[in-house]
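Trainee: Provided below: upload_16.pdb, containing PDB, C-alpha atoms, pLDDT in the B column.
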```
ATOM      1  CA  THR A  13     -61.266 -86.481-215.383  1.00 80.00           C
ATOM      2  CA  TYR A  14     -62.247 -89.018-218.002  1.00 81.00           C
ATOM      3  CA  GLN A  15     -61.407 -91.900-215.663  1.00 84.00           C
ATOM      4  CA  LYS A  16     -61.879 -90.382-212.192  1.00 83.00           C
ATOM      5  CA  GLY A  17     -64.690 -87.892-212.766  1.00 83.00           C
ATOM      6  CA  LEU A  18     -64.882 -84.516-211.062  1.00 85.00           C
ATOM      7  CA  LEU A  19     -61.669 -83.065-209.656  1.00 85.00           C
ATOM      8  CA  MET A  20     -61.861 -80.477-206.875  1.00 83.00           C
ATOM      9  CA  LEU A  21     -59.188 -78.211-205.430  1.00 82.00           C
ATOM     10  CA  PRO A  22     -60.103 -76.122-202.377  1.00 80.00           C
ATOM     11  CA  ILE A  23     -57.977 -72.975-202.227  1.00 82.00           C
ATOM     12  CA  GLY A  24     -56.833 -71.565-198.893  1.00 78.00           C
ATOM     13  CA  GLY A  25     -57.871 -74.514-196.768  1.00 76.00           C
ATOM     14  CA  TRP A  26     -61.542 -73.521-196.475  1.00 75.00           C
ATOM     15  CA  ALA A  27     -64.348 -76.007-197.029  1.00 70.00           C
ATOM     16  CA  ALA A  28     -66.428 -75.901-200.223  1.00 67.00           C
ATOM     17  CA  PRO A  29     -69.324 -73.592-199.430  1.00 67.00           C
ATOM     18  CA  PHE A  30     -67.105 -70.958-197.762  1.00 71.00           C
ATOM     19  CA  GLY A  31     -63.831 -71.032-199.665  1.00 76.00           C
ATOM     20  CA  ILE A  32     -62.764 -70.849-203.279  1.00 82.00           C
ATOM     21  CA  THR A  33     -63.053 -74.210-204.973  1.00 83.00           C
ATOM     22  CA  LEU A  34     -61.641 -74.928-208.403  1.00 87.00           C
ATOM     23  CA  THR A  35     -63.361 -77.808-210.140  1.00 87.00           C
ATOM     24  CA  GLY A  36     -62.569 -79.765-213.241  1.00 89.00           C
ATOM     25  CA  ASP A  37     -64.952 -82.024-215.045  1.00 88.00           C
ATOM     26  CA  LEU A  38     -64.496 -83.387-218.544  1.00 90.00           C
ATOM     27  CA  PHE A  39     -66.279 -80.457-220.214  1.00 92.00           C
ATOM     28  CA  SER A  40     -64.367 -77.769-218.323  1.00 92.00           C
ATOM     29  CA  ILE A  41     -61.033 -79.444-219.045  1.00 92.00           C
ATOM     30  CA  ILE A  42     -61.900 -79.681-222.740  1.00 93.00           C
ATOM     31  CA  MET A  43     -62.827 -75.987-222.747  1.00 94.00           C
ATOM     32  CA  ILE A  44     -59.558 -75.072-221.002  1.00 94.00           C
ATOM     33  CA  VAL A  45     -57.577 -77.052-223.584  1.00 95.00           C
ATOM     34  CA  LEU A  46     -59.499 -75.464-226.478  1.00 96.00           C
ATOM     35  CA  SER A  47     -59.058 -71.945-225.131  1.00 94.00           C
ATOM     36  CA  SER A  48     -55.358 -72.638-224.559  1.00 94.00           C
ATOM     37  CA  VAL A  49     -54.964 -73.807-228.160  1.00 96.00           C
ATOM     38  CA  VAL A  50     -56.727 -70.669-229.408  1.00 94.00           C
ATOM     39  CA  MET A  51     -54.512 -68.532-227.161  1.00 92.00           C
ATOM     40  CA  LEU A  52     -51.420 -70.293-228.508  1.00 93.00           C
ATOM     41  CA  ILE A  53     -52.542 -69.505-232.055  1.00 93.00           C
ATOM     42  CA  ALA A  54     -53.144 -65.865-231.052  1.00 87.00           C
ATOM     43  CA  LEU A  55     -49.677 -65.660-229.482  1.00 86.00           C
ATOM     44  CA  LEU A  56     -48.068 -67.162-232.584  1.00 88.00           C
ATOM     45  CA  PHE A  57     -49.942 -64.671-234.750  1.00 85.00           C
ATOM     46  CA  ASN A  58     -48.817 -61.881-232.434  1.00 80.00           C
ATOM     47  CA  TYR A  59     -45.220 -63.064-232.757  1.00 80.00           C
ATOM     48  CA  ALA A  60     -45.503 -63.122-236.563  1.00 80.00           C
ATOM     49  CA  GLU A  61     -47.024 -59.647-236.488  1.00 76.00           C
ATOM     50  CA  PHE A  62     -44.243 -58.448-234.169  1.00 73.00           C
ATOM     51  CA  ILE A  63     -41.667 -59.187-236.861  1.00 71.00           C
ATOM     52  CA  PHE A  64     -43.278 -56.594-239.159  1.00 69.00           C
ATOM     53  CA  ASN A  65     -44.668 -54.083-236.624  1.00 72.00           C
ATOM     54  CA  ASP A  66     -43.620 -52.805-233.245  1.00 73.00           C
ATOM     55  CA  GLN A  67     -45.800 -54.141-230.447  1.00 75.00           C
ATOM     56  CA  HIS A  68     -46.651 -52.544-227.146  1.00 79.00           C
ATOM     57  CA  ALA A  69     -44.704 -54.086-224.270  1.00 78.00           C
ATOM     58  CA  LEU A  70     -47.880 -54.886-222.314  1.00 84.00           C
ATOM     59  CA  LYS A  71     -49.660 -56.796-225.071  1.00 83.00           C
ATOM     60  CA  LEU A  72     -48.220 -60.239-224.251  1.00 85.00           C
ATOM     61  CA  PRO A  73     -48.753 -59.976-220.462  1.00 88.00           C
ATOM     62  CA  LEU A  74     -52.320 -58.811-221.069  1.00 90.00           C
ATOM     63  CA  LEU A  75     -52.942 -61.782-223.341  1.00 90.00           C
ATOM     64  CA  GLN A  76     -51.696 -64.004-220.507  1.00 91.00           C
ATOM     65  CA  PHE A  77     -54.115 -62.328-218.071  1.00 93.00           C
ATOM     66  CA  LEU A  78     -56.856 -62.953-220.612  1.00 92.00           C
ATOM     67  CA  ALA A  79     -55.907 -66.640-220.718  1.00 93.00           C
ATOM     68  CA  ALA A  80     -55.831 -66.790-216.909  1.00 94.00           C
ATOM     69  CA  GLY A  81     -59.318 -65.288-216.746  1.00 94.00           C
ATOM     70  CA  LEU A  82     -60.616 -67.826-219.249  1.00 93.00           C
ATOM     71  CA  ASN A  83     -59.062 -70.717-217.328  1.00 94.00           C
ATOM     72  CA  LEU A  84     -60.569 -69.447-214.080  1.00 94.00           C
ATOM     73  CA  ALA A  85     -63.984 -69.046-215.704  1.00 93.00           C
ATOM     74  CA  PHE A  86     -63.914 -72.644-216.893  1.00 93.00           C
ATOM     75  CA  SER A  87     -62.644 -74.076-213.595  1.00 92.00           C
ATOM     76  CA  THR A  88     -64.416 -72.079-210.893  1.00 91.00           C
ATOM     77  CA  GLY A  89     -66.853 -73.748-208.552  1.00 87.00           C
ATOM     78  CA  ASP A  90     -68.848 -70.722-207.427  1.00 89.00           C
ATOM     79  CA  LEU A  91     -70.734 -67.775-208.837  1.00 90.00           C
ATOM     80  CA  PHE A  92     -68.644 -64.992-207.309  1.00 89.00           C
ATOM     81  CA  ASN A  93     -65.369 -66.341-208.688  1.00 91.00           C
ATOM     82  CA  LEU A  94     -67.049 -66.635-212.076  1.00 92.00           C
ATOM     83  CA  PHE A  95     -67.759 -62.909-211.753  1.00 93.00           C
ATOM     84  CA  VAL A  96     -64.104 -62.291-210.868  1.00 93.00           C
ATOM     85  CA  ALA A  97     -62.999 -64.353-213.885  1.00 94.00           C
ATOM     86  CA  TYR A  98     -65.227 -62.308-216.191  1.00 91.00           C
ATOM     87  CA  GLU A  99     -63.809 -59.098-214.764  1.00 92.00           C
ATOM     88  CA  VAL A 100     -60.228 -60.306-215.310  1.00 94.00           C
ATOM     89  CA  ILE A 101     -61.148 -61.116-218.905  1.00 92.00           C
ATOM     90  CA  LEU A 102     -62.827 -57.734-219.380  1.00 91.00           C
ATOM     91  CA  LEU A 103     -60.013 -55.764-217.777  1.00 91.00           C
ATOM     92  CA  SER A 104     -57.534 -57.482-220.078  1.00 92.00           C
ATOM     93  CA  SER A 105     -59.695 -56.872-223.131  1.00 88.00           C
ATOM     94  CA  TYR A 106     -60.189 -53.179-222.252  1.00 87.00           C
ATOM     95  CA  SER A 107     -56.449 -52.771-221.899  1.00 87.00           C
ATOM     96  CA  ILE A 108     -55.619 -54.624-225.115  1.00 86.00           C
ATOM     97  CA  LEU A 109     -58.158 -52.536-227.035  1.00 84.00           C
ATOM     98  CA  THR A 110     -56.765 -49.251-225.771  1.00 84.00           C
ATOM     99  CA  LEU A 111     -53.038 -50.033-226.063  1.00 83.00           C
ATOM    100  CA  THR A 112     -52.597 -48.865-229.629  1.00 72.00           C
ATOM    101  CA  SER A 113     -55.930 -47.193-230.324  1.00 75.00           C
ATOM    102  CA  LYS A 114     -56.112 -43.733-231.794  1.00 75.00           C
ATOM    103  CA  ASP A 115     -58.486 -41.024-230.530  1.00 75.00           C
ATOM    104  CA  LYS A 116     -61.230 -41.934-233.012  1.00 73.00           C
ATOM    105  CA  ALA A 117     -61.065 -45.620-232.089  1.00 75.00           C
ATOM    106  CA  LEU A 118     -61.257 -44.811-228.365  1.00 78.00           C
ATOM    107  CA  LYS A 119     -64.718 -43.320-228.915  1.00 80.00           C
ATOM    108  CA  ASN A 120     -65.814 -46.635-230.403  1.00 80.00           C
ATOM    109  CA  ILE A 121     -64.488 -48.563-227.389  1.00 83.00           C
ATOM    110  CA  PHE A 122     -66.675 -46.599-224.952  1.00 85.00           C
ATOM    111  CA  PRO A 123     -69.961 -48.442-225.786  1.00 87.00           C
ATOM    112  CA  TYR A 124     -68.159 -51.773-225.308  1.00 85.00           C
ATOM    113  CA  VAL A 125     -67.056 -50.698-221.840  1.00 87.00           C
ATOM    114  CA  VAL A 126     -70.498 -49.345-220.883  1.00 90.00           C
ATOM    115  CA  ILE A 127     -72.317 -52.471-222.058  1.00 91.00           C
ATOM    116  CA  ASN A 128     -69.935 -54.729-220.152  1.00 90.00           C
ATOM    117  CA  LEU A 129     -70.107 -52.630-216.982  1.00 91.00           C
ATOM    118  CA  THR A 130     -73.905 -52.837-217.181  1.00 93.00           C
ATOM    119  CA  GLY A 131     -73.600 -56.595-217.573  1.00 93.00           C
ATOM    120  CA  SER A 132     -71.260 -56.708-214.570  1.00 93.00           C
ATOM    121  CA  ALA A 133     -73.759 -54.799-212.438  1.00 94.00           C
ATOM    122  CA  LEU A 134     -76.523 -57.188-213.478  1.00 94.00           C
ATOM    123  CA  PHE A 135     -74.213 -60.116-212.696  1.00 94.00           C
ATOM    124  CA  LEU A 136     -73.777 -58.842-209.139  1.00 94.00           C
ATOM    125  CA  VAL A 137     -77.550 -58.428-208.807  1.00 94.00           C
ATOM    126  CA  ALA A 138     -78.085 -61.987-210.044  1.00 93.00           C
ATOM    127  CA  ALA A 139     -75.447 -63.320-207.640  1.00 93.00           C
ATOM    128  CA  ALA A 140     -77.094 -61.428-204.775  1.00 94.00           C
ATOM    129  CA  ILE A 141     -80.481 -62.904-205.699  1.00 93.00           C
ATOM    130  CA  PHE A 142     -79.056 -66.434-205.805  1.00 91.00           C
ATOM    131  CA  TYR A 143     -77.329 -65.869-202.473  1.00 92.00           C
ATOM    132  CA  GLY A 144     -80.525 -64.497-200.953  1.00 92.00           C
ATOM    133  CA  LEU A 145     -82.558 -67.460-202.179  1.00 90.00           C
ATOM    134  CA  THR A 146     -80.074 -70.266-201.508  1.00 89.00           C
ATOM    135  CA  GLY A 147     -77.678 -68.907-198.875  1.00 87.00           C
ATOM    136  CA  THR A 148     -74.623 -69.866-200.946  1.00 86.00           C
ATOM    137  CA  LEU A 149     -72.786 -69.045-204.153  1.00 88.00           C
ATOM    138  CA  ASN A 150     -71.279 -72.517-204.609  1.00 85.00           C
ATOM    139  CA  PHE A 151     -72.591 -74.077-207.831  1.00 87.00           C
ATOM    140  CA  ALA A 152     -73.143 -77.528-206.312  1.00 84.00           C
ATOM    141  CA  ASP A 153     -75.039 -76.091-203.347  1.00 86.00           C
ATOM    142  CA  ILE A 154     -77.093 -73.808-205.608  1.00 88.00           C
ATOM    143  CA  ALA A 155     -78.037 -76.802-207.775  1.00 88.00           C
ATOM    144  CA  HIS A 156     -79.002 -78.861-204.719  1.00 89.00           C
ATOM    145  CA  THR A 157     -81.022 -76.060-203.096  1.00 89.00           C
ATOM    146  CA  THR A 158     -82.826 -74.947-206.245  1.00 87.00           C
ATOM    147  CA  ALA A 159     -83.757 -78.546-207.073  1.00 87.00           C
ATOM    148  CA  ALA A 160     -85.477 -78.743-203.695  1.00 86.00           C
ATOM    149  CA  MET A 161     -87.279 -75.428-204.325  1.00 84.00           C
ATOM    150  CA  GLY A 162     -88.948 -76.779-207.458  1.00 79.00           C
ATOM    151  CA  SER A 163     -90.328 -74.254-209.925  1.00 84.00           C
ATOM    152  CA  ASP A 164     -90.212 -71.227-207.629  1.00 85.00           C
ATOM    153  CA  PRO A 165     -90.747 -68.118-209.810  1.00 90.00           C
ATOM    154  CA  ARG A 166     -87.909 -66.332-207.992  1.00 90.00           C
ATOM    155  CA  ILE A 167     -85.451 -69.007-209.078  1.00 90.00           C
ATOM    156  CA  ILE A 168     -86.766 -68.824-212.637  1.00 90.00           C
ATOM    157  CA  ALA A 169     -86.391 -65.022-212.620  1.00 91.00           C
ATOM    158  CA  ALA A 170     -82.840 -65.276-211.246  1.00 91.00           C
ATOM    159  CA  GLY A 171     -82.015 -67.867-213.916  1.00 90.00           C
ATOM    160  CA  ILE A 172     -83.375 -65.608-216.651  1.00 94.00           C
ATOM    161  CA  LEU A 173     -81.341 -62.716-215.232  1.00 94.00           C
ATOM    162  CA  ILE A 174     -78.115 -64.726-215.201  1.00 93.00           C
ATOM    163  CA  LEU A 175     -78.870 -65.948-218.735  1.00 94.00           C
ATOM    164  CA  THR A 176     -79.318 -62.309-219.783  1.00 94.00           C
ATOM    165  CA  VAL A 177     -75.979 -61.444-218.187  1.00 93.00           C
ATOM    166  CA  PHE A 178     -74.236 -64.221-220.098  1.00 90.00           C
ATOM    167  CA  ALA A 179     -75.917 -63.084-223.331  1.00 92.00           C
ATOM    168  CA  ILE A 180     -74.686 -59.518-222.747  1.00 89.00           C
ATOM    169  CA  LYS A 181     -71.154 -60.657-221.926  1.00 84.00           C
ATOM    170  CA  ALA A 182     -70.971 -63.208-224.737  1.00 82.00           C
ATOM    171  CA  GLY A 183     -70.394 -60.393-227.248  1.00 71.00           C
TER     172      GLY A 183
END
```
Rewrite the coordinates I just gave you, this time as structure tokens.

Mentor:
Amino acid sequence: TYQKGLLMLPIGGWAAPFGITLTGDLFSIIMIVLSSVVMLIALLFNYAEFIFNDQHALKLPLLQFLAAGLNLAFSTGDLFNLFVAYEVILLSSYSILTLTSKDKALKNIFPYVVINLTGSALFLVAAAIFYGLTGTLNFADIAHTTAAMGSDPRIIAAGILILTVFAIKAG
């Protein structure tokens, strides 16, 4: 990506606005490498912890699903697949949190789940607004269409809504 620029991989043989497109620019590749390094450190820590404590059999596969969700989030080319990536990440995190939790800790997990489900609902609303305004969920097409629309207050409101969703989900 440093030498050739943007890399694109259409999945399933469909063209860009209709099919799933994975993209890789320099920033997304750097983020994938950084998240992979952090995941490697987490797996090594988990292995060191496994020596002293018994681990649940699903912990390592769930960490791999978490890594897959992160990689998809950094490489997706459209808004709906970004939503799917966030849901894969959240499903993995819910499962990891509840694997070894006691009854008291499960009560503390409930607000985390409710806040993220609210964020997911708002994400779908924001995606629907972008689709209604631009006719696509592809990031490149959204950027092209919204640039032509100028400072339409509907686009600004949709942008604020998606920014709010990311702020909710960042926690």

Trainee: Using all atoms listed in the file, pick whichever of A:Thr146, A:Asn83, A:Ser107, A:Asn58 has the shortest atom-to-atom distance to Ala170 in chain A.

Mentor: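 Closest to Ala170 in chain A of all the choices is A:Thr146.
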
Trainee: When the PyMOL selection byres ((chain A and resi 18-21) around 6) is applied to the structure above, which residues does it catch, written out as a PDB file with C-alpha atoms, in the coordinates of the input?

Mentor:
```
ATOM      1  CA  THR A  13     -61.266 -86.481-215.383  1.00 80.00           C
ATOM      2  CA  GLY A  17     -64.690 -87.892-212.766  1.00 83.00           C
ATOM      3  CA  PRO A  22     -60.103 -76.122-202.377  1.00 80.00           C
ATOM      4  CA  THR A  33     -63.053 -74.210-204.973  1.00 83.00           C
ATOM      5  CA  LEU A  34     -61.641 -74.928-208.403  1.00 87.00           C
ATOM      6  CA  THR A  35     -63.361 -77.808-210.140  1.00 87.00           C
ATOM      7  CA  GLY A  36     -62.569 -79.765-213.241  1.00 89.00           C
ATOM      8  CA  ASP A  37     -64.952 -82.024-215.045  1.00 88.00           C
TER       9      ASP A  37
END
```

Trainee: Closest to Met161 in chain A among A:Leu145, A:Leu175, A:Ile53, A:Val126, using only C-alpha atoms?

Mentor: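 Counting only C-alpha atoms, the residue closest to Met161 in chain A is A:Leu145.
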
Trainee: With distances taken over all atoms listed in the file, which of A:Phe151, A:Leu74, A:Leu129, A:Phe135 is nearest to Thr88 in chain A?

Mentor: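 Closest to Thr88 in chain A of all the choices is A:Phe151.
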
Trainee: List as a ChimeraX atom specification the protein and nucleic acid residues near Leu94 in chain A, meaning an atom at most 10 Å away when all atoms listed in the file are counted, but skip any in the same chain fewer than 4 places from it.

Mentor: /A:81-82,84-90,98-100,135

Trainee: List the residues matched by the PyMOL selection byres ((chain A and resi 179) around 12) in the displayed structure as a ChimeraX atom specification, ordered by chain and then by residue number.

Mentor: /A:127-128,131-132,134-135,172-178,180-183

Trainee: Mind dumping the selected residues with C-alpha atoms as a short mmCIF file (atom, residue, chain, number, x, y, z; two decimals), in the coordinates of the input?

Mentor:
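Here's the written file part_13.cif:
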```
data_model
loop_
_atom_site.label_atom_id
_atom_site.label_comp_id
_atom_site.auth_asym_id
_atom_site.auth_seq_id
_atom_site.Cartn_x
_atom_site.Cartn_y
_atom_site.Cartn_z
CA ILE A 127 -72.32 -52.47 -222.06
CA ASN A 128 -69.94 -54.73 -220.15
CA GLY A 131 -73.60 -56.60 -217.57
CA SER A 132 -71.26 -56.71 -214.57
CA LEU A 134 -76.52 -57.19 -213.48
CA PHE A 135 -74.21 -60.12 -212.70
CA ILE A 172 -83.38 -65.61 -216.65
CA LEU A 173 -81.34 -62.72 -215.23
CA ILE A 174 -78.11 -64.73 -215.20
CA LEU A 175 -78.87 -65.95 -218.74
CA THR A 176 -79.32 -62.31 -219.78
CA VAL A 177 -75.98 -61.44 -218.19
CA PHE A 178 -74.24 -64.22 -220.10
CA ILE A 180 -74.69 -59.52 -222.75
CA LYS A 181 -71.15 -60.66 -221.93
CA ALA A 182 -70.97 -63.21 -224.74
CA GLY A 183 -70.39 -60.39 -227.25
#
```

Trainee: Hey, which of A:Leu91, A:Phe62, A:Ile108, A:Ile101 ends up closest to Ile154 in chain A? Count only C-alpha atoms.

Mentor: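 Closest to Ile154 in chain A, using only C-alpha atoms: A:Leu91.
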
Trainee: In Å, rounded to a single decimal, give me how far CA of Ala27 in chain A is from CA of Thr157 in chain A.

Mentor: 17.7 Å

Trainee: For the structure provided, state which residues fall under the PyMOL selection byres ((chain A and resi 142) around 10), and present them as a CSV table (one decimal) with C-alpha atoms, in the frame of the given file.

Mentor:
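File result_36.csv, as written:
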```csv
chain,number,residue,atom,x,y,z
A,91,LEU,CA,-70.7,-67.8,-208.8
A,136,LEU,CA,-73.8,-58.8,-209.1
A,137,VAL,CA,-77.6,-58.4,-208.8
A,138,ALA,CA,-78.1,-62.0,-210.0
A,139,ALA,CA,-75.4,-63.3,-207.6
A,140,ALA,CA,-77.1,-61.4,-204.8
A,141,ILE,CA,-80.5,-62.9,-205.7
A,143,TYR,CA,-77.3,-65.9,-202.5
A,144,GLY,CA,-80.5,-64.5,-201.0
A,145,LEU,CA,-82.6,-67.5,-202.2
A,146,THR,CA,-80.1,-70.3,-201.5
A,147,GLY,CA,-77.7,-68.9,-198.9
A,148,THR,CA,-74.6,-69.9,-200.9
A,149,LEU,CA,-72.8,-69.0,-204.2
A,150,ASN,CA,-71.3,-72.5,-204.6
A,154,ILE,CA,-77.1,-73.8,-205.6
A,158,THR,CA,-82.8,-74.9,-206.2
A,166,ARG,CA,-87.9,-66.3,-208.0
A,167,ILE,CA,-85.5,-69.0,-209.1
A,170,ALA,CA,-82.8,-65.3,-211.2
A,171,GLY,CA,-82.0,-67.9,-213.9
A,174,ILE,CA,-78.1,-64.7,-215.2
```

Trainee: Separation of CA of Ile44 in chain A and CA of Ala79 in chain A, in Å?

Mentor: 9.2 Å

Trainee: Could you check which of A:Asn120, A:Ser104, A:Thr110, A:Thr130 is closest to Ala80 in chain A, using all atoms listed in the file?

Mentor: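 When distances to Ala80 in chain A are compared using all atoms listed in the file, the smallest one comes from A:Ser104.
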
Trainee: For CA of Val125 in chain A and CA of Leu109 in chain A, quote the distance in Å rounded to one decimal.

Mentor: 10.5 Å
